[in-house]
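A.B. asks: To be precise about what I am sending: the file is called run-v6.pdb and holds PDB, C-alpha atoms, pLDDT in the B column.
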```pdb
ATOM      1  CA  MET E   1    -186.735  32.715  70.207  1.00 95.00           C
ATOM      2  CA  ARG E   2    -184.397  33.546  73.062  1.00 96.00           C
ATOM      3  CA  THR E   3    -182.630  30.339  74.059  1.00 97.00           C
ATOM      4  CA  ALA E   4    -180.195  29.595  76.875  1.00 97.00           C
ATOM      5  CA  VAL E   5    -177.672  26.847  77.408  1.00 98.00           C
ATOM      6  CA  ALA E   6    -175.685  26.004  80.554  1.00 97.00           C
ATOM      7  CA  LEU E   7    -172.096  24.838  80.132  1.00 98.00           C
ATOM      8  CA  GLY E   8    -170.041  22.942  82.693  1.00 96.00           C
ATOM      9  CA  SER E   9    -166.654  21.217  82.817  1.00 96.00           C
ATOM     10  CA  ASN E  10    -164.533  19.631  85.539  1.00 95.00           C
ATOM     11  CA  LEU E  11    -161.980  17.605  83.554  1.00 94.00           C
ATOM     12  CA  GLY E  12    -159.001  18.723  81.501  1.00 95.00           C
ATOM     13  CA  ASP E  13    -158.577  22.387  80.595  1.00 97.00           C
ATOM     14  CA  ARG E  14    -161.956  23.382  81.953  1.00 97.00           C
ATOM     15  CA  LEU E  15    -161.970  26.965  80.654  1.00 98.00           C
ATOM     16  CA  GLU E  16    -160.835  25.895  77.183  1.00 97.00           C
ATOM     17  CA  ASN E  17    -163.549  23.214  77.156  1.00 97.00           C
ATOM     18  CA  LEU E  18    -166.151  25.932  77.802  1.00 98.00           C
ATOM     19  CA  ARG E  19    -164.646  28.184  75.124  1.00 98.00           C
ATOM     20  CA  VAL E  20    -164.629  25.448  72.489  1.00 98.00           C
ATOM     21  CA  ALA E  21    -168.207  24.412  73.317  1.00 98.00           C
ATOM     22  CA  ARG E  22    -169.430  28.029  73.222  1.00 98.00           C
ATOM     23  CA  LYS E  23    -167.800  28.613  69.830  1.00 97.00           C
ATOM     24  CA  ALA E  24    -169.313  25.407  68.444  1.00 97.00           C
ATOM     25  CA  ILE E  25    -172.775  26.482  69.645  1.00 98.00           C
ATOM     26  CA  PHE E  26    -172.413  29.963  68.162  1.00 96.00           C
ATOM     27  CA  ASP E  27    -171.304  28.420  64.848  1.00 97.00           C
ATOM     28  CA  LEU E  28    -174.562  26.455  64.494  1.00 96.00           C
ATOM     29  CA  ALA E  29    -176.619  27.592  61.505  1.00 91.00           C
ATOM     30  CA  ASN E  30    -179.775  28.585  63.415  1.00 94.00           C
ATOM     31  CA  VAL E  31    -177.983  30.456  66.229  1.00 97.00           C
ATOM     32  CA  LYS E  32    -178.202  34.232  65.745  1.00 96.00           C
ATOM     33  CA  PRO E  33    -177.275  37.389  67.658  1.00 95.00           C
ATOM     34  CA  PRO E  34    -177.731  38.990  70.039  1.00 95.00           C
ATOM     35  CA  ILE E  35    -175.522  36.615  71.979  1.00 95.00           C
ATOM     36  CA  LEU E  36    -175.000  36.983  75.727  1.00 96.00           C
ATOM     37  CA  SER E  37    -172.378  35.193  77.827  1.00 97.00           C
ATOM     38  CA  SER E  38    -172.229  35.127  81.617  1.00 98.00           C
ATOM     39  CA  ALA E  39    -169.029  35.208  83.591  1.00 98.00           C
ATOM     40  CA  VAL E  40    -167.514  31.807  84.389  1.00 98.00           C
ATOM     41  CA  TYR E  41    -167.992  30.481  87.916  1.00 97.00           C
ATOM     42  CA  GLU E  42    -166.143  27.778  89.817  1.00 97.00           C
ATOM     43  CA  THR E  43    -168.418  25.498  91.817  1.00 92.00           C
ATOM     44  CA  GLU E  44    -168.264  22.385  93.923  1.00 88.00           C
ATOM     45  CA  PRO E  45    -169.412  19.217  92.148  1.00 88.00           C
ATOM     46  CA  VAL E  46    -173.035  18.291  92.882  1.00 80.00           C
ATOM     47  CA  GLY E  47    -173.838  14.603  93.153  1.00 80.00           C
ATOM     48  CA  CYS E  48    -170.581  13.488  91.500  1.00 83.00           C
ATOM     49  CA  GLU E  49    -168.284  10.652  92.448  1.00 85.00           C
ATOM     50  CA  PRO E  50    -166.079  11.067  95.560  1.00 86.00           C
ATOM     51  CA  GLY E  51    -162.995  13.180  94.892  1.00 88.00           C
ATOM     52  CA  ALA E  52    -164.465  14.877  91.793  1.00 91.00           C
ATOM     53  CA  GLY E  53    -162.833  18.182  90.907  1.00 93.00           C
ATOM     54  CA  LYS E  54    -164.551  21.550  90.898  1.00 95.00           C
ATOM     55  CA  PHE E  55    -166.615  22.598  87.898  1.00 96.00           C
ATOM     56  CA  LEU E  56    -166.450  25.709  85.812  1.00 97.00           C
ATOM     57  CA  ASN E  57    -169.970  26.821  84.848  1.00 97.00           C
ATOM     58  CA  ALA E  58    -171.383  29.470  82.544  1.00 98.00           C
ATOM     59  CA  VAL E  59    -174.599  30.300  80.698  1.00 98.00           C
ATOM     60  CA  VAL E  60    -174.972  31.614  77.159  1.00 98.00           C
ATOM     61  CA  GLU E  61    -178.126  32.989  75.579  1.00 98.00           C
ATOM     62  CA  PHE E  62    -178.820  33.577  71.907  1.00 98.00           C
ATOM     63  CA  GLU E  63    -181.567  33.871  69.340  1.00 97.00           C
ATOM     64  CA  TYR E  64    -182.491  30.470  67.925  1.00 97.00           C
ATOM     65  CA  GLU E  65    -184.561  29.864  64.809  1.00 92.00           C
ATOM     66  CA  GLY E  66    -185.533  26.227  64.716  1.00 93.00           C
ATOM     67  CA  ASP E  67    -186.766  23.115  66.459  1.00 94.00           C
ATOM     68  CA  PRO E  68    -185.558  22.714  70.080  1.00 95.00           C
ATOM     69  CA  ALA E  69    -185.269  18.929  69.607  1.00 94.00           C
ATOM     70  CA  ARG E  70    -182.870  19.523  66.698  1.00 95.00           C
ATOM     71  CA  LEU E  71    -180.858  21.930  68.846  1.00 96.00           C
ATOM     72  CA  LEU E  72    -180.634  19.282  71.563  1.00 95.00           C
ATOM     73  CA  GLU E  73    -179.233  16.805  69.023  1.00 95.00           C
ATOM     74  CA  GLN E  74    -176.646  19.377  67.911  1.00 96.00           C
ATOM     75  CA  LEU E  75    -175.639  20.046  71.537  1.00 96.00           C
ATOM     76  CA  ILE E  76    -175.187  16.302  72.104  1.00 94.00           C
ATOM     77  CA  GLN E  77    -172.969  16.161  69.006  1.00 95.00           C
ATOM     78  CA  ILE E  78    -170.846  19.009  70.418  1.00 96.00           C
ATOM     79  CA  GLU E  79    -170.515  17.141  73.730  1.00 94.00           C
ATOM     80  CA  GLU E  80    -169.446  13.979  71.901  1.00 93.00           C
ATOM     81  CA  ALA E  81    -166.925  15.918  69.778  1.00 94.00           C
ATOM     82  CA  LEU E  82    -165.405  17.191  73.034  1.00 92.00           C
ATOM     83  CA  GLY E  83    -165.030  13.672  74.419  1.00 87.00           C
ATOM     84  CA  ARG E  84    -168.242  13.095  76.337  1.00 82.00           C
ATOM     85  CA  LYS E  85    -169.585   9.570  75.981  1.00 74.00           C
ATOM     86  CA  ARG E  86    -173.338   9.042  75.631  1.00 69.00           C
ATOM     87  CA  ASP E  87    -173.306   5.954  77.849  1.00 69.00           C
ATOM     88  CA  HIS E  88    -171.757   7.752  80.836  1.00 63.00           C
ATOM     89  CA  PRO E  89    -173.284   7.310  84.290  1.00 65.00           C
ATOM     90  CA  GLN E  90    -175.297  10.286  85.494  1.00 68.00           C
ATOM     91  CA  ASN E  91    -173.497  12.974  87.548  1.00 72.00           C
ATOM     92  CA  VAL E  92    -169.905  11.935  86.902  1.00 80.00           C
ATOM     93  CA  SER E  93    -166.922  14.130  86.086  1.00 88.00           C
ATOM     94  CA  ARG E  94    -166.888  15.265  82.470  1.00 90.00           C
ATOM     95  CA  THR E  95    -164.987  17.389  79.990  1.00 93.00           C
ATOM     96  CA  ILE E  96    -168.203  19.123  78.995  1.00 94.00           C
ATOM     97  CA  ASP E  97    -171.838  19.198  79.999  1.00 93.00           C
ATOM     98  CA  ILE E  98    -174.280  21.198  77.899  1.00 95.00           C
ATOM     99  CA  ASP E  99    -177.850  21.610  79.152  1.00 93.00           C
ATOM    100  CA  LEU E 100    -180.598  23.291  77.170  1.00 96.00           C
ATOM    101  CA  LEU E 101    -182.314  25.558  79.713  1.00 95.00           C
ATOM    102  CA  TYR E 102    -185.119  27.188  77.727  1.00 95.00           C
ATOM    103  CA  CYS E 103    -186.248  28.042  74.210  1.00 95.00           C
ATOM    104  CA  GLY E 104    -188.479  31.077  74.422  1.00 92.00           C
ATOM    105  CA  ASP E 105    -191.718  30.101  76.122  1.00 90.00           C
ATOM    106  CA  ARG E 106    -191.768  26.588  74.671  1.00 90.00           C
ATOM    107  CA  ARG E 107    -192.983  23.863  76.998  1.00 91.00           C
ATOM    108  CA  ILE E 108    -191.787  20.393  76.116  1.00 89.00           C
ATOM    109  CA  ASN E 109    -191.974  17.321  78.306  1.00 89.00           C
ATOM    110  CA  ASP E 110    -190.952  14.085  76.649  1.00 89.00           C
ATOM    111  CA  GLU E 111    -188.348  11.411  77.349  1.00 84.00           C
ATOM    112  CA  ARG E 112    -185.587  13.279  75.446  1.00 86.00           C
ATOM    113  CA  LEU E 113    -186.272  16.900  76.263  1.00 91.00           C
ATOM    114  CA  GLN E 114    -187.860  18.900  79.045  1.00 90.00           C
ATOM    115  CA  LEU E 115    -188.239  22.652  78.581  1.00 89.00           C
ATOM    116  CA  PRO E 116    -187.792  24.692  80.529  1.00 87.00           C
ATOM    117  CA  HIS E 117    -185.139  22.591  82.253  1.00 89.00           C
ATOM    118  CA  PRO E 118    -186.997  21.031  85.212  1.00 84.00           C
ATOM    119  CA  ARG E 119    -184.213  21.632  87.793  1.00 85.00           C
ATOM    120  CA  LEU E 120    -182.934  25.011  86.595  1.00 86.00           C
ATOM    121  CA  HIS E 121    -184.444  26.885  89.556  1.00 84.00           C
ATOM    122  CA  LEU E 122    -182.786  24.430  91.991  1.00 83.00           C
ATOM    123  CA  ARG E 123    -179.227  24.853  90.727  1.00 87.00           C
ATOM    124  CA  MET E 124    -177.234  27.740  92.058  1.00 90.00           C
ATOM    125  CA  PHE E 125    -174.465  26.909  89.577  1.00 92.00           C
ATOM    126  CA  VAL E 126    -176.979  27.743  86.798  1.00 93.00           C
ATOM    127  CA  LEU E 127    -178.894  30.582  88.466  1.00 94.00           C
ATOM    128  CA  ARG E 128    -175.744  32.572  89.355  1.00 95.00           C
ATOM    129  CA  PRO E 129    -174.442  32.824  85.764  1.00 97.00           C
ATOM    130  CA  LEU E 130    -177.972  33.236  84.363  1.00 97.00           C
ATOM    131  CA  ALA E 131    -178.440  36.210  86.697  1.00 96.00           C
ATOM    132  CA  ASP E 132    -175.444  37.868  85.000  1.00 96.00           C
ATOM    133  CA  ILE E 133    -177.229  38.039  81.670  1.00 97.00           C
ATOM    134  CA  ARG E 134    -180.971  37.833  82.484  1.00 96.00           C
ATOM    135  CA  PRO E 135    -181.535  38.944  86.109  1.00 96.00           C
ATOM    136  CA  ASP E 136    -185.144  40.011  85.456  1.00 96.00           C
ATOM    137  CA  LEU E 137    -186.177  36.895  83.557  1.00 94.00           C
ATOM    138  CA  VAL E 138    -189.177  35.070  85.014  1.00 93.00           C
ATOM    139  CA  LEU E 139    -188.907  31.425  84.029  1.00 86.00           C
ATOM    140  CA  LEU E 140    -191.950  29.428  83.002  1.00 80.00           C
ATOM    141  CA  ARG E 141    -193.560  27.779  86.028  1.00 81.00           C
ATOM    142  CA  GLU E 142    -191.908  30.358  88.338  1.00 87.00           C
ATOM    143  CA  LYS E 143    -193.289  33.523  89.876  1.00 92.00           C
ATOM    144  CA  LYS E 144    -189.961  35.123  90.775  1.00 93.00           C
ATOM    145  CA  THR E 145    -187.191  36.583  88.652  1.00 95.00           C
ATOM    146  CA  VAL E 146    -183.869  34.787  88.315  1.00 94.00           C
ATOM    147  CA  SER E 147    -182.347  37.339  90.736  1.00 94.00           C
ATOM    148  CA  GLU E 148    -185.096  36.726  93.286  1.00 94.00           C
ATOM    149  CA  LEU E 149    -184.688  32.943  92.999  1.00 91.00           C
ATOM    150  CA  LEU E 150    -180.959  33.363  93.519  1.00 90.00           C
ATOM    151  CA  ALA E 151    -181.467  35.622  96.555  1.00 90.00           C
ATOM    152  CA  ASP E 152    -183.780  33.006  98.119  1.00 86.00           C
ATOM    153  CA  PHE E 153    -181.288  30.193  97.590  1.00 80.00           C
ATOM    154  CA  ASN E 154    -180.415  28.334 100.801  1.00 71.00           C
ATOM    155  CA  ASP E 155    -177.521  26.273  99.423  1.00 65.00           C
ATOM    156  CA  SER E 156    -174.220  27.081 101.111  1.00 59.00           C
ATOM    157  CA  ALA E 157    -172.134  25.697  98.217  1.00 66.00           C
ATOM    158  CA  ALA E 158    -169.643  28.290  97.049  1.00 79.00           C
ATOM    159  CA  VAL E 159    -170.089  29.773  93.587  1.00 88.00           C
ATOM    160  CA  VAL E 160    -166.956  31.837  92.918  1.00 91.00           C
ATOM    161  CA  ARG E 161    -166.444  34.102  89.909  1.00 93.00           C
ATOM    162  CA  PHE E 162    -163.558  32.563  87.977  1.00 96.00           C
ATOM    163  CA  ALA E 163    -163.346  34.619  84.762  1.00 95.00           C
ATOM    164  CA  GLU E 164    -165.225  37.714  83.665  1.00 94.00           C
ATOM    165  CA  SER E 165    -164.584  37.388  79.952  1.00 92.00           C
ATOM    166  CA  TRP E 166    -163.740  34.172  78.170  1.00 94.00           C
TER     167      TRP E 166
END
```
As structure tokens, how would this structure be written, given the file I've shared?
C.D. replies:
Amino acid sequence: MRTAVALGSNLGDRLENLRVARKAIFDLANVKPPILSSAVYETEPVGCEPGAGKFLNAVVEFEYEGDPARLLEQLIQIEEALGRKRDHPQNVSRTIDIDLLYCGDRRINDERLQLPHPRLHLRMFVLRPLADIRPDLVLLREKKTVSELLADFNDSAAVVRFAESW
């Protein structure tokens, strides 16, 4: 099933953090081609502590053969390997943030996993890179394509293309 993950980093070598996380995801046993990667965008931090640095954000999509809950566990392990602590406060600066956005048309709503991601359509820093690779995608629970959602966005926060290929 087509599966997408959002990547973000605002500490350390942000671009290298995204590269290492992307490679680790693509090396997982159940991740298969075709693999799509958005450009990398620089964005203002949303809801972070005062003085937080800008984030780099990207989205990758791939074919996934397996249980989404298992994938979530593997993504958490990748975050931890890159220095993210599980007991961190919400919305603080971090070396890496990996969010599972969707797994095909699976709907999951439990305490560990919500699919599709419940705030995906509200986050310009996710919609902008997702529009690079899947502009015509209509997300579950939405009536508009990713491009249409992005065009309707009222947030004035800058989302600046940082790197085309990474």
A.B. asks: Could you tell me which residues the PyMOL selection byres ((chain E and resi 73) around 12) grabs in this file, written as a PyMOL selection string?
C.D. replies: chain E and resi 25+28+67-72+74-80+86+98-100+112-113
A.B. asks: How far is it from atom CA of E:Tyr102 to atom CA of E:Lys54, in Å with one decimal?
C.D. replies: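 These atoms are spaced 25.1 Å apart.
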A.B. asks: In Å to one decimal, how far is atom CA of E:Asp110 from atom CA of E:Ser9?
C.D. replies: 26.1 Å
A.B. asks: Using all atoms listed in the file, which protein or nucleic acid residues come within 12 Å of E:Ala151? Drop anything in the same chain fewer than 6 positions from it, and give the result as a PDB file with C-alpha atoms, keeping the file's coordinate frame.
C.D. replies:
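Output file selection_10.pdb follows:
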```pdb
ATOM      1  CA  HIS E 121    -184.444  26.885  89.556  1.00 84.00           C
ATOM      2  CA  MET E 124    -177.234  27.740  92.058  1.00 90.00           C
ATOM      3  CA  LEU E 127    -178.894  30.582  88.466  1.00 94.00           C
ATOM      4  CA  ARG E 128    -175.744  32.572  89.355  1.00 95.00           C
ATOM      5  CA  ALA E 131    -178.440  36.210  86.697  1.00 96.00           C
ATOM      6  CA  PRO E 135    -181.535  38.944  86.109  1.00 96.00           C
ATOM      7  CA  LYS E 144    -189.961  35.123  90.775  1.00 93.00           C
ATOM      8  CA  THR E 145    -187.191  36.583  88.652  1.00 95.00           C
TER       9      THR E 145
END
```
A.B. asks: Suppose you want the space between atom CA of E:Asp27 and atom CA of E:Asn109; what is it in Å?
C.D. replies: 27.0 Å
A.B. asks: Can I get stretch 13-39 of chain E with N, CA and C atoms filled in, as a PDB file, in the frame of the given file?
C.D. replies:
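See rebuild.pdb below for the written result:
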```pdb
ATOM      1  N   ASP E  13    -158.656  20.927  80.581  1.00 97.00           N
ATOM      2  CA  ASP E  13    -158.577  22.387  80.595  1.00 97.00           C
ATOM      3  C   ASP E  13    -160.007  22.914  80.594  1.00 97.00           C
ATOM      4  N   ARG E  14    -160.541  23.072  81.785  1.00 97.00           N
ATOM      5  CA  ARG E  14    -161.956  23.382  81.953  1.00 97.00           C
ATOM      6  C   ARG E  14    -162.383  24.640  81.204  1.00 97.00           C
ATOM      7  N   LEU E  15    -161.601  25.714  81.312  1.00 98.00           N
ATOM      8  CA  LEU E  15    -161.970  26.965  80.654  1.00 98.00           C
ATOM      9  C   LEU E  15    -161.920  26.809  79.133  1.00 98.00           C
ATOM     10  N   GLU E  16    -160.917  26.125  78.633  1.00 97.00           N
ATOM     11  CA  GLU E  16    -160.835  25.895  77.183  1.00 97.00           C
ATOM     12  C   GLU E  16    -161.993  25.022  76.712  1.00 97.00           C
ATOM     13  N   ASN E  17    -162.392  24.040  77.514  1.00 97.00           N
ATOM     14  CA  ASN E  17    -163.549  23.214  77.156  1.00 97.00           C
ATOM     15  C   ASN E  17    -164.792  24.081  76.993  1.00 97.00           C
ATOM     16  N   LEU E  18    -164.996  25.034  77.908  1.00 98.00           N
ATOM     17  CA  LEU E  18    -166.151  25.932  77.802  1.00 98.00           C
ATOM     18  C   LEU E  18    -166.040  26.808  76.561  1.00 98.00           C
ATOM     19  N   ARG E  19    -164.845  27.323  76.302  1.00 98.00           N
ATOM     20  CA  ARG E  19    -164.646  28.184  75.124  1.00 98.00           C
ATOM     21  C   ARG E  19    -164.957  27.436  73.825  1.00 98.00           C
ATOM     22  N   VAL E  20    -164.431  26.226  73.709  1.00 98.00           N
ATOM     23  CA  VAL E  20    -164.629  25.448  72.489  1.00 98.00           C
ATOM     24  C   VAL E  20    -166.113  25.112  72.311  1.00 98.00           C
ATOM     25  N   ALA E  21    -166.777  24.727  73.394  1.00 98.00           N
ATOM     26  CA  ALA E  21    -168.207  24.412  73.317  1.00 98.00           C
ATOM     27  C   ALA E  21    -169.012  25.648  72.930  1.00 98.00           C
ATOM     28  N   ARG E  22    -168.711  26.792  73.540  1.00 98.00           N
ATOM     29  CA  ARG E  22    -169.430  28.029  73.222  1.00 98.00           C
ATOM     30  C   ARG E  22    -169.263  28.388  71.751  1.00 98.00           C
ATOM     31  N   LYS E  23    -168.037  28.293  71.239  1.00 97.00           N
ATOM     32  CA  LYS E  23    -167.800  28.613  69.830  1.00 97.00           C
ATOM     33  C   LYS E  23    -168.576  27.669  68.921  1.00 97.00           C
ATOM     34  N   ALA E  24    -168.581  26.384  69.254  1.00 97.00           N
ATOM     35  CA  ALA E  24    -169.313  25.407  68.444  1.00 97.00           C
ATOM     36  C   ALA E  24    -170.813  25.715  68.439  1.00 97.00           C
ATOM     37  N   ILE E  25    -171.353  26.123  69.570  1.00 98.00           N
ATOM     38  CA  ILE E  25    -172.775  26.482  69.645  1.00 98.00           C
ATOM     39  C   ILE E  25    -173.041  27.709  68.780  1.00 98.00           C
ATOM     40  N   PHE E  26    -172.204  28.728  68.915  1.00 96.00           N
ATOM     41  CA  PHE E  26    -172.413  29.963  68.162  1.00 96.00           C
ATOM     42  C   PHE E  26    -172.221  29.765  66.664  1.00 96.00           C
ATOM     43  N   ASP E  27    -171.510  28.721  66.267  1.00 97.00           N
ATOM     44  CA  ASP E  27    -171.304  28.420  64.848  1.00 97.00           C
ATOM     45  C   ASP E  27    -172.459  27.639  64.233  1.00 97.00           C
ATOM     46  N   LEU E  28    -173.423  27.192  65.042  1.00 96.00           N
ATOM     47  CA  LEU E  28    -174.562  26.455  64.494  1.00 96.00           C
ATOM     48  C   LEU E  28    -175.387  27.375  63.590  1.00 96.00           C
ATOM     49  N   ALA E  29    -175.937  26.805  62.535  1.00 91.00           N
ATOM     50  CA  ALA E  29    -176.619  27.592  61.505  1.00 91.00           C
ATOM     51  C   ALA E  29    -177.795  28.415  62.029  1.00 91.00           C
ATOM     52  N   ASN E  30    -178.570  27.896  62.962  1.00 94.00           N
ATOM     53  CA  ASN E  30    -179.775  28.585  63.415  1.00 94.00           C
ATOM     54  C   ASN E  30    -179.557  29.471  64.634  1.00 94.00           C
ATOM     55  N   VAL E  31    -178.311  29.594  65.091  1.00 97.00           N
ATOM     56  CA  VAL E  31    -177.983  30.456  66.229  1.00 97.00           C
ATOM     57  C   VAL E  31    -177.643  31.845  65.700  1.00 97.00           C
ATOM     58  N   LYS E  32    -178.343  32.852  66.229  1.00 96.00           N
ATOM     59  CA  LYS E  32    -178.202  34.232  65.745  1.00 96.00           C
ATOM     60  C   LYS E  32    -177.969  35.180  66.918  1.00 96.00           C
ATOM     61  N   PRO E  33    -177.396  36.365  66.625  1.00 95.00           N
ATOM     62  CA  PRO E  33    -177.275  37.389  67.658  1.00 95.00           C
ATOM     63  C   PRO E  33    -178.648  37.999  67.959  1.00 95.00           C
ATOM     64  N   PRO E  34    -178.792  38.679  69.086  1.00 95.00           N
ATOM     65  CA  PRO E  34    -177.731  38.990  70.039  1.00 95.00           C
ATOM     66  C   PRO E  34    -177.360  37.780  70.897  1.00 95.00           C
ATOM     67  N   ILE E  35    -176.074  37.709  71.189  1.00 95.00           N
ATOM     68  CA  ILE E  35    -175.522  36.615  71.979  1.00 95.00           C
ATOM     69  C   ILE E  35    -175.018  37.184  73.298  1.00 95.00           C
ATOM     70  N   LEU E  36    -175.419  36.565  74.391  1.00 96.00           N
ATOM     71  CA  LEU E  36    -175.000  36.983  75.727  1.00 96.00           C
ATOM     72  C   LEU E  36    -174.242  35.845  76.392  1.00 96.00           C
ATOM     73  N   SER E  37    -173.151  36.187  77.078  1.00 97.00           N
ATOM     74  CA  SER E  37    -172.378  35.193  77.827  1.00 97.00           C
ATOM     75  C   SER E  37    -172.200  35.675  79.260  1.00 97.00           C
ATOM     76  N   SER E  38    -172.471  34.806  80.211  1.00 98.00           N
ATOM     77  CA  SER E  38    -172.229  35.127  81.617  1.00 98.00           C
ATOM     78  C   SER E  38    -170.736  35.094  81.893  1.00 98.00           C
ATOM     79  N   ALA E  39    -170.371  35.491  83.088  1.00 98.00           N
ATOM     80  CA  ALA E  39    -169.029  35.208  83.591  1.00 98.00           C
ATOM     81  C   ALA E  39    -168.933  33.695  83.815  1.00 98.00           C
TER      82      ALA E  39
END
```
